[in-house]
Every structure is written in structure tokens, then in C-alpha cells.
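So the structure is just underneath, and the comments pick up after that.
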Amino acid sequence: MSIISSLNVEQQKPVLDTDGAILVTAGAGSGKTRLLTHRIAYLVQEKNVAPFNILAITFTNKAANEMKQRVEKMLGSSSSVWISTFHSLCVKILRRDIDKLGYTKSFSIYADDEKNKILKDIFEKLGVDEEDEKKSIKNHISRAKNNNITPKEYEEEVMFSPYAENIISAYEMYEEKLKASNALDFDDLLIKAFILLKENPDVLSYYQNLFKYIHIDEFQDTNTVQYDIVKLLAGKYKNILVVGDEDQCIYGWRGANIENISLFQRDFKPVKIYKLEQNYRSTKKIIEMANNVIKHNEQRIKKKLWTENDVGSNVVIENVATDKYEADFVVKTISSLVRNEGYSCSDIAVLMRLNALSRNFETALNNAGLPYKVLGGFKFYERAEIKNVMAYLRLLVNPQDEESFLRIINFPKRGIGDTTIKKLREISNGDSLLNVVLTIDSFESISQSTKTKLRSFSELYIKLLSNVNMPVADFVKFVIDEVKFEDCYDKTVEEDYTKLLNIEQFKQSVVEYQKDNKNAKLDEYLQSVTLLTDLDELKEEDNSIVLGTIHAVKGLEFKIVFIVGAEEGIFPIIRASESENDLEEERRLMYVAITRAKEMLFITHANLRVLWNKNQFQKPSRFLKEAQEEQKEEENENKKTYSGSYNTFFENMQKSMIKDQSKSYSDFKKGVQVFHSTFGVGEITDDSELETKHTVTVLFNVLGAKTLSLEYTPLKIMKK
């Protein structure tokens, strides 16, 4: 039996076509790993290519190990086939020849902890104190390295940044420190390997002759320097096959360059293109919806998934009244599927754009006694920003809680570091560190400047403690306000925005707890949270519902998928309305979410959601309209609506409270003051496209000018 007989016709074509440059654009669930492993086996068994002349690169160790096992099963041994991640390949290359760059072959690899310690020292030397500036410098260094740009070359790119001088200085100092330590960070593994190959013809020639056949998996996720390495390695024989799907390029925020697919077609002319469009994973109904959504993107090679699988049940698009009803619907449906339809918890995933939405689902799943595990983020109460709030609360209940003290003594930043902590331990004489701080003025060995920093914490603690008998929900809000948690995060940065949203969700959870436990004290609330977390840890992880972000589940599949929070401003995320590129990435993210489902798909959106501690009316995601474009009328009529009476109630209330922007935008004129829940207060400065495109330009007090679509942006006119 031929090694390719188990492949379909479209998979066989790129396997048999072994010479030259080949691009396989492989739709979701189309069997690309199967194609790659069979091609490697075909080269060895049918074309008599030596295994060590074959290179296959993928992105995760898990994927690389799976590929190795499959090849080993077909060939008997895969030890001499080079199958690895990009970083593993580069380490091997560097261990052999990095001395040509002035390092020794015993170089160290620094992870984030070591990297952050170096940057901390650099910030101190440069006198950088502001967190925003530190974050900006870190991001710029990472961006420059991902794009293989030296500090000198990067000067021109950041010349207009308010932190330009410190960005370049920090970048130079960081590189000098790594070199002095004979160390590389993860970005360096790629960059130094590229430099080594580019500047040393003998090294490049060795690897070009070694790797006569090159395969790259998940090509759409490659960044600039990864593509540059591939281009060099394949420069002699040009026998290179790349497998990717531009429709699944969802990591642009961390450096993935969707343009690499176009660059590949330019740099390796002529490139033969094969399409894998048969999906082996999902039902026809699910595939139809995925096609309906993704066809609206322009930056793609046109293709249309199809499947021989069953038609399957209709995709359920569930419109619910509130976010609480959303969680209720999802968990009740899961309970029915598990208890009545024979599904296991591990067959099911609840996916969301932002992990800040997870709290309601975690609470509902716990109440229903259903096990779950969180991907793409920690369980709600294990997230750093929530732990910081909890640490303040715990220290107020238990002054001996040293772990909570150490967590918050320098949060928000007060300039209290390890040296001060060490000194406090020396003078504590067995007393709690908190008590030492509360009596810091009695210790002569502590400098006045250090006392001033510690006194600010002491005064805050005493103020909080004096109000500890407030109703628990009011007290939690009081603590968050007095500590000024919101000042620690930048709303314009997606990661910080999510953290702030998590804190708002936390406040709301305490309000809900108090409704059910009217006379509960703070210590009782903390105990309830602790027990909840402890019980979570006892769940059987092997049979758990997956709860997480869409980014975290790429590459996974589930029999049943729930996509929740399908609303404008959440999915697509609010910043995407200002950029067509960002909007296309959001649409790719929806496509990835849909194609995780094998048998059943549910998508939910709420009319009313608690965001920023406010009830906010939500519009359905534009992707829902796109997804339903070709559905038959009878399918739409069969859509269920959960708690329909509540939906009607809130729809009527919305109409009576705010202007229906879908009908009229005439009040949004130049000179009118408006309010945006994220961007704040601003003034409309340009309404020239109000009638044609329903867009206006707003000059916000803090963030400057932004052009916004009134159709999708929650913009409200401020009363004079």
C-alpha cells in the first residue's frame, strides 16, 4: 500500500510535488499535520532522501513531539529528521558556532525573570520611575528585536516618542549587559542565529547543504526574523513547503506578520499554491457559518471550506437579557448535554474574547457542580490584579498575614524594595512586619526617606482599618478607591483594560455576595472565596469543561463550543473599530472560535452587561449578521430565545433611556461634547462624514483625536 493512499486528492498533490517552493493554504481542520508527516515519509521512502537532509519546523513543543511520533511510526525512527520549534533549531545552530559572534558556546538563556531584573537595574540607572515609561521601553525593545532592528537603527523609528532617548539608552544597556553575561534572551535566540547565518558564509553553506528539504508549519504565525532565517536556509535548493492559513493569523499583537505569506510568494518565485479546503472536523452547518464570516476579509487567499461530515444541528445564536442570564443559559445547556445527552465535560468549551468575562461562568459552573479548567488566563481569583485586592482585604482581617503584606507593601509603587524589606526583618524581633511599619517612627536605624515611604502605607492601612465595619460591598469599593487601583493601569492598553475590567467584575461579585448574605462580615466573605478556590483545586482535571480565551485554544477542538459575549466593543474589541487591519484580525479570531466546534455551536450575546460597574446596553456583534447571511429563513425562525420576556423588557427600557443611534445621528454635530466609556470626555471636531458613513472625529481630553463609527461605538451626548 502506498504511503499516500490514506490522503485525499488535494493532500496528495503537495506530497508528490517535492521540488521547488510550495505554499499550502490549509483551512481549519483540513489535516495539515497529516500532510506534513506523510510528505516527510514519502521523501525518505519513495524519493530516497536522507532523513537528516529534512527539516520540519513548527511552533510548539507539543506539536513538534506529535509530529516526531507520527514520523517515527511511519519510518521506524525519526531520530535523524530535524523536527523542532524555531527556538530549538536556533539553539542548536548557536551552540555549534556562536563563538564567531564573540560569545562562548556555554551561553546562558535568560527567561523573563532574569530579563526583568536586568531592566529593573537599567531603569534605576536611567532614573526611570514612571510605570508607563517602563512598560513603553520594554515593549519597544521587544518590538525592535522581533523585527531584527539594532538600537542604532531603531533611533529613527522612535524619534518622536516622548521616551525616545531612554528607549535607545535602555536598549543599548540591555544588549551590553546580556553580552557581558554571555547570555541570550528568547528574542536573541532568533536574532543571533540570523546574524550568524548572514555574516558567516561557511556556516550558512553548511546548513543550506544539510537542509535540502524544508517544511514550515503554521507559517502565518511567523514573525519577521523567523521568515528571514527561513529565507536564508532555503536559499540554495529552494525546496521549501510552507503550510499556513492566513484566516487563522490571530497573533499580530505579538509579532506575527501576515504579510510573510505574500513575501514568500515574491521571494521564492515561482511558488506553486495548493489549497486544502476539505474539513474533517466540523458539521456542514458549522462550516457554513465559518465561511460566511471569513469571506468578508480582504487580506486572504480565497478559499471555501467544505466537508463530507453530517449536516448537523443548527448553530444556536442566543440573545439573552443580561450577562447573568447568559451564564445561566450556558450552564443549564451544558448540564442538560452532560446529564441527558451523554456528553462528557471534556467535550465542551466556553470561549470568550476577553477573560474578564469569565467570572459569571465560573460562579455558575461552581454552583452547578460542574468541573472546569481555565485556559488563556488564571481562574478569576488567581489573577494578579484580583490577588492584589484580596491581599489588602486579608491583611485587614489578619495583620499576621505576611504573604499579603509582602504582596502589597509596594503596590501601588512606593519605592519600597528588597533592601527595605530586609531591614524590616532585621528590626522586627519576631514581630509582624506590618506592626513594624505601623510603629516605624520608633526605629532610629531607619532613614527618614524610608520612613516617609513606609508612613504612606501605614496611614493608608489605618484609614482602611477604621472603616472595616462598613457593609462588605461598600467596604471593598472603599478599599479599591482609596488604594487607587484604577490609576495603576492604562485603559488604552488592552492587557491593562482587561485587568481593570476584572477589578470591576470583582466589585460586582461582592455586591452579588452581599445580596445573598446581607449581614456577612469581611472575614466571612474571604472565607467563602477561599473555600470556592480550594474546591476548584479538587475538581477532576481530566474531565473538565474548558473555559478560556479564543487565543488560548487555537489548535484544539471540542465536540461542543459556546462563544460568549458576541457584542460590539467586546467581540470585535472596541479598538478594532478604528482600524481595518485590527477588524480583520478580530474576524479571524471569530473564524478560529467557530472552527473549534465539531458537532454543536452556541453563540450568545446579552442586551445588558455590567461593565465598569455600570449597566451598559450592548449591540450584537457585526459578525453575527455576517454569519447568518446565507441561512435559510426557516433556520432563523427556529432560533430560540432564552428569557424572552426579559429581553423585551430591557429592549423597551433601552429605547426609553437612550437615543436609538441606528435611526438617527443628527445630534452628533461638530462642537457637541460627548462621553465614551473607555476614552472619556471629548468634543466632536469633524462631522463631515456623519451622513454618508455615520462617523465623526472626536478630540478626547486625554487620548487625543479618534475617528469613530456611531453605528458601533457607545458614544453618548453629554447634557449641558
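Ligands are numbered from 1 in the order shown, residues from 1 within each chain, and chains are lettered A, B, ... in the order they appear in the C-alpha cells.
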- request: Find the residues near Asn53 (chain A): any atom within 7 Å, counting only C-alpha atoms, skip ones fewer than 2 places away on the same chain, and give them as a PyMOL selection string.
  value: chain A and resi 49-51+55+210-213
- request: Within region 240-316 of chain A, find each residue whose DSSP state, derived from the backbone, is strand (DSSP E or B), and express the selection as a count of residues only.
  value: 14
task: Could you give me, as a count of residues only, the residues within 8 Å of Val483 (chain A), counting only C-alpha atoms and dropping anything in the same chain fewer than 2 positions from it?
output: 6
message: As an exercise, work out the distance from CA of Lys105 (chain A) to CA of Glu175 (chain A) in Å and give it to one decimal place.
response: 17.9 Å
- prompt: Which neighbours of region 216-229 of chain A fall inside 9 Å, counting only C-alpha atoms, when residues of the same chain fewer than 6 positions from it are skipped, and could you give them as a VMD selection string?
  reply: chain A and resid 32 to 33 36 55 to 59 86 145 to 148 190 to 191 193 to 194 197 to 198 240 to 252 254 to 261 264
Where does region 494-581 of chain A meet region 330-351 of chain A within 9 Å, residue by residue, with the nearest atom pair and distance in Å to one decimal for each, counting only C-alpha atoms, listed by chain and rising number, as a tab-separated table?
residue	atom	partner	partner_atom	distance
A:Glu541	CA	A:Ser346	CA	8.9
A:Asp542	CA	A:Ser346	CA	7.3
A:Asn543	CA	A:Ser346	CA	4.8
A:Ser544	CA	A:Ser346	CA	4.8
A:Ile545	CA	A:Cys345	CA	4.8
A:Val546	CA	A:Ala349	CA	4.5
A:Leu547	CA	A:Val350	CA	4.8
A:Gly548	CA	A:Leu351	CA	5.3
A:Thr549	CA	A:Leu351	CA	5.5
A:Ile550	CA	A:Leu351	CA	5.7
A:Val553	CA	A:Leu351	CA	8.4
A:Glu557	CA	A:Asp347	CA	8.7
A:Phe558	CA	A:Asp347	CA	5.3
A:Lys559	CA	A:Asp347	CA	5.2
A:Ile560	CA	A:Ile348	CA	4.8
A:Val561	CA	A:Ala349	CA	4.9
A:Phe562	CA	A:Val350	CA	4.7
A:Ile563	CA	A:Leu351	CA	4.9
A:Val564	CA	A:Leu351	CA	6.3
A:Gly565	CA	A:Leu351	CA	9.0
query: Using the chain letters and numbers from this document, which residues of region 301-386 of chain A does DSSP assign to alpha helix (DSSP H), as a PyMOL selection string?
result: chain A and resi 323-340+358-367+384-386
Write out as a PDB file with all heavy atoms, in the first residue's frame the residues lying within 9 Å of Glu626 (chain A), counting only C-alpha atoms and excluding same-chain residues fewer than 2 positions away.
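Once written, out31.pdb looks like this:
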ATOM      1  N   MET A 289     -21.205  28.556   8.544  1.00  0.00           N
ATOM      2  CA  MET A 289     -21.092  29.791   9.319  1.00  0.00           C
ATOM      3  C   MET A 289     -19.667  30.336   9.272  1.00  0.00           C
ATOM      4  O   MET A 289     -19.466  31.551   9.119  1.00  0.00           O
ATOM      5  CB  MET A 289     -21.511  29.555  10.770  1.00  0.00           C
ATOM      6  CG  MET A 289     -21.327  30.767  11.654  1.00  0.00           C
ATOM      7  SD  MET A 289     -22.156  30.621  13.245  1.00  0.00           S
ATOM      8  CE  MET A 289     -23.837  30.996  12.774  1.00  0.00           C
ATOM      9  N   ASN A 292     -19.145  32.041   5.980  1.00  0.00           N
ATOM     10  CA  ASN A 292     -19.894  33.292   5.893  1.00  0.00           C
ATOM     11  C   ASN A 292     -19.148  34.441   6.561  1.00  0.00           C
ATOM     12  O   ASN A 292     -19.169  35.577   6.082  1.00  0.00           O
ATOM     13  CB  ASN A 292     -21.268  33.136   6.544  1.00  0.00           C
ATOM     14  CG  ASN A 292     -22.223  32.314   5.700  1.00  0.00           C
ATOM     15  OD1 ASN A 292     -21.968  32.077   4.521  1.00  0.00           O
ATOM     16  ND2 ASN A 292     -23.315  31.874   6.304  1.00  0.00           N
ATOM     17  N   VAL A 293     -18.499  34.143   7.683  1.00  0.00           N
ATOM     18  CA  VAL A 293     -17.785  35.187   8.425  1.00  0.00           C
ATOM     19  C   VAL A 293     -16.498  35.582   7.713  1.00  0.00           C
ATOM     20  O   VAL A 293     -16.252  36.755   7.425  1.00  0.00           O
ATOM     21  CB  VAL A 293     -17.477  34.715   9.868  1.00  0.00           C
ATOM     22  CG1 VAL A 293     -16.528  35.684  10.564  1.00  0.00           C
ATOM     23  CG2 VAL A 293     -18.768  34.599  10.675  1.00  0.00           C
ATOM     24  N   ILE A 294     -15.662  34.612   7.393  1.00  0.00           N
ATOM     25  CA  ILE A 294     -14.301  34.921   6.942  1.00  0.00           C
ATOM     26  C   ILE A 294     -14.260  35.491   5.536  1.00  0.00           C
ATOM     27  O   ILE A 294     -13.295  36.169   5.153  1.00  0.00           O
ATOM     28  CB  ILE A 294     -13.396  33.662   7.045  1.00  0.00           C
ATOM     29  CG1 ILE A 294     -11.918  34.073   7.101  1.00  0.00           C
ATOM     30  CG2 ILE A 294     -13.665  32.694   5.912  1.00  0.00           C
ATOM     31  CD1 ILE A 294     -11.552  34.925   8.290  1.00  0.00           C
ATOM     32  N   HIS A 296     -15.569  37.967   4.444  1.00  0.00           N
ATOM     33  CA  HIS A 296     -15.584  39.430   4.486  1.00  0.00           C
ATOM     34  C   HIS A 296     -14.182  40.022   4.614  1.00  0.00           C
ATOM     35  O   HIS A 296     -14.019  41.235   4.507  1.00  0.00           O
ATOM     36  CB  HIS A 296     -16.463  39.909   5.638  1.00  0.00           C
ATOM     37  CG  HIS A 296     -17.926  39.670   5.409  1.00  0.00           C
ATOM     38  ND1 HIS A 296     -18.739  40.570   4.766  1.00  0.00           N
ATOM     39  CD2 HIS A 296     -18.705  38.608   5.717  1.00  0.00           C
ATOM     40  CE1 HIS A 296     -19.967  40.084   4.695  1.00  0.00           C
ATOM     41  NE2 HIS A 296     -19.973  38.896   5.268  1.00  0.00           N
ATOM     42  N   ARG A 622     -21.229  42.593  14.931  1.00  0.00           N
ATOM     43  CA  ARG A 622     -21.446  42.618  13.474  1.00  0.00           C
ATOM     44  C   ARG A 622     -21.170  41.256  12.848  1.00  0.00           C
ATOM     45  O   ARG A 622     -21.679  40.937  11.786  1.00  0.00           O
ATOM     46  CB  ARG A 622     -20.554  43.688  12.836  1.00  0.00           C
ATOM     47  CG  ARG A 622     -19.069  43.378  12.854  1.00  0.00           C
ATOM     48  CD  ARG A 622     -18.233  44.575  12.467  1.00  0.00           C
ATOM     49  NE  ARG A 622     -18.160  45.520  13.579  1.00  0.00           N
ATOM     50  CZ  ARG A 622     -17.608  46.728  13.487  1.00  0.00           C
ATOM     51  NH1 ARG A 622     -17.099  47.125  12.351  1.00  0.00           N
ATOM     52  NH2 ARG A 622     -17.587  47.530  14.534  1.00  0.00           N
ATOM     53  N   PHE A 623     -20.332  40.451  13.520  1.00  0.00           N
ATOM     54  CA  PHE A 623     -20.004  39.135  12.985  1.00  0.00           C
ATOM     55  C   PHE A 623     -21.223  38.201  12.959  1.00  0.00           C
ATOM     56  O   PHE A 623     -21.273  37.258  12.161  1.00  0.00           O
ATOM     57  CB  PHE A 623     -18.876  38.482  13.788  1.00  0.00           C
ATOM     58  CG  PHE A 623     -17.592  39.272  13.790  1.00  0.00           C
ATOM     59  CD1 PHE A 623     -16.744  39.248  14.895  1.00  0.00           C
ATOM     60  CD2 PHE A 623     -17.224  40.040  12.699  1.00  0.00           C
ATOM     61  CE1 PHE A 623     -15.558  39.968  14.903  1.00  0.00           C
ATOM     62  CE2 PHE A 623     -16.047  40.766  12.690  1.00  0.00           C
ATOM     63  CZ  PHE A 623     -15.209  40.736  13.806  1.00  0.00           C
ATOM     64  N   LEU A 624     -22.190  38.451  13.841  1.00  0.00           N
ATOM     65  CA  LEU A 624     -23.390  37.616  13.856  1.00  0.00           C
ATOM     66  C   LEU A 624     -24.214  37.828  12.597  1.00  0.00           C
ATOM     67  O   LEU A 624     -24.757  36.888  12.019  1.00  0.00           O
ATOM     68  CB  LEU A 624     -24.230  37.913  15.106  1.00  0.00           C
ATOM     69  CG  LEU A 624     -23.556  37.613  16.447  1.00  0.00           C
ATOM     70  CD1 LEU A 624     -24.517  37.867  17.594  1.00  0.00           C
ATOM     71  CD2 LEU A 624     -23.045  36.178  16.492  1.00  0.00           C
ATOM     72  N   GLN A 628     -24.890  34.878   9.536  1.00  0.00           N
ATOM     73  CA  GLN A 628     -26.228  34.411   9.184  1.00  0.00           C
ATOM     74  C   GLN A 628     -26.654  34.805   7.774  1.00  0.00           C
ATOM     75  O   GLN A 628     -27.787  34.549   7.383  1.00  0.00           O
ATOM     76  CB  GLN A 628     -27.254  34.978  10.180  1.00  0.00           C
ATOM     77  CG  GLN A 628     -27.063  34.456  11.600  1.00  0.00           C
ATOM     78  CD  GLN A 628     -28.001  35.135  12.559  1.00  0.00           C
ATOM     79  OE1 GLN A 628     -27.808  36.278  12.940  1.00  0.00           O
ATOM     80  NE2 GLN A 628     -29.047  34.435  12.944  1.00  0.00           N
ATOM     81  N   GLU A 629     -25.767  35.406   7.007  1.00  0.00           N
ATOM     82  CA  GLU A 629     -26.160  35.965   5.720  1.00  0.00           C
ATOM     83  C   GLU A 629     -26.825  34.968   4.793  1.00  0.00           C
ATOM     84  O   GLU A 629     -27.764  35.305   4.081  1.00  0.00           O
ATOM     85  CB  GLU A 629     -24.939  36.574   5.014  1.00  0.00           C
ATOM     86  CG  GLU A 629     -24.579  37.932   5.562  1.00  0.00           C
ATOM     87  CD  GLU A 629     -23.369  38.518   4.865  1.00  0.00           C
ATOM     88  OE1 GLU A 629     -22.731  37.801   4.088  1.00  0.00           O
ATOM     89  OE2 GLU A 629     -23.066  39.694   5.103  1.00  0.00           O
ATOM     90  N   GLU A 630     -26.360  33.723   4.766  1.00  0.00           N
ATOM     91  CA  GLU A 630     -26.883  32.767   3.797  1.00  0.00           C
ATOM     92  C   GLU A 630     -27.772  31.711   4.438  1.00  0.00           C
ATOM     93  O   GLU A 630     -28.082  30.702   3.827  1.00  0.00           O
ATOM     94  CB  GLU A 630     -25.716  32.098   3.063  1.00  0.00           C
ATOM     95  CG  GLU A 630     -24.905  33.073   2.218  1.00  0.00           C
ATOM     96  CD  GLU A 630     -23.743  32.408   1.513  1.00  0.00           C
ATOM     97  OE1 GLU A 630     -23.627  31.175   1.602  1.00  0.00           O
ATOM     98  OE2 GLU A 630     -22.956  33.119   0.873  1.00  0.00           O
TER      99      GLU A 630
END
query: Looking at A:Lys518, A:Lys477, A:Lys179, A:Lys236, which one is nearest to Ala21 (chain A), with distances taken over only C-alpha atoms?
result: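 Counting only C-alpha atoms, the residue closest to Ala21 (chain A) is A:Lys236.
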- request: Can you work out which one of A:Lys303, A:Lys387, A:Lys100, A:Lys422 has the shortest atom-to-atom distance to Ile408 (chain A), counting only C-alpha atoms?
  value: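 Looking only at the distances to Ile408 (chain A), the closest residue turns out to be A:Lys387.
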- prompt: Taking into account only C-alpha atoms, which residue in the set A:Asp267, A:Glu403, A:Glu46, A:Asp582 is nearest to Ser2 (chain A)?
  reply: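 For Ser2 (chain A), the nearest of the given residues is A:Glu46.
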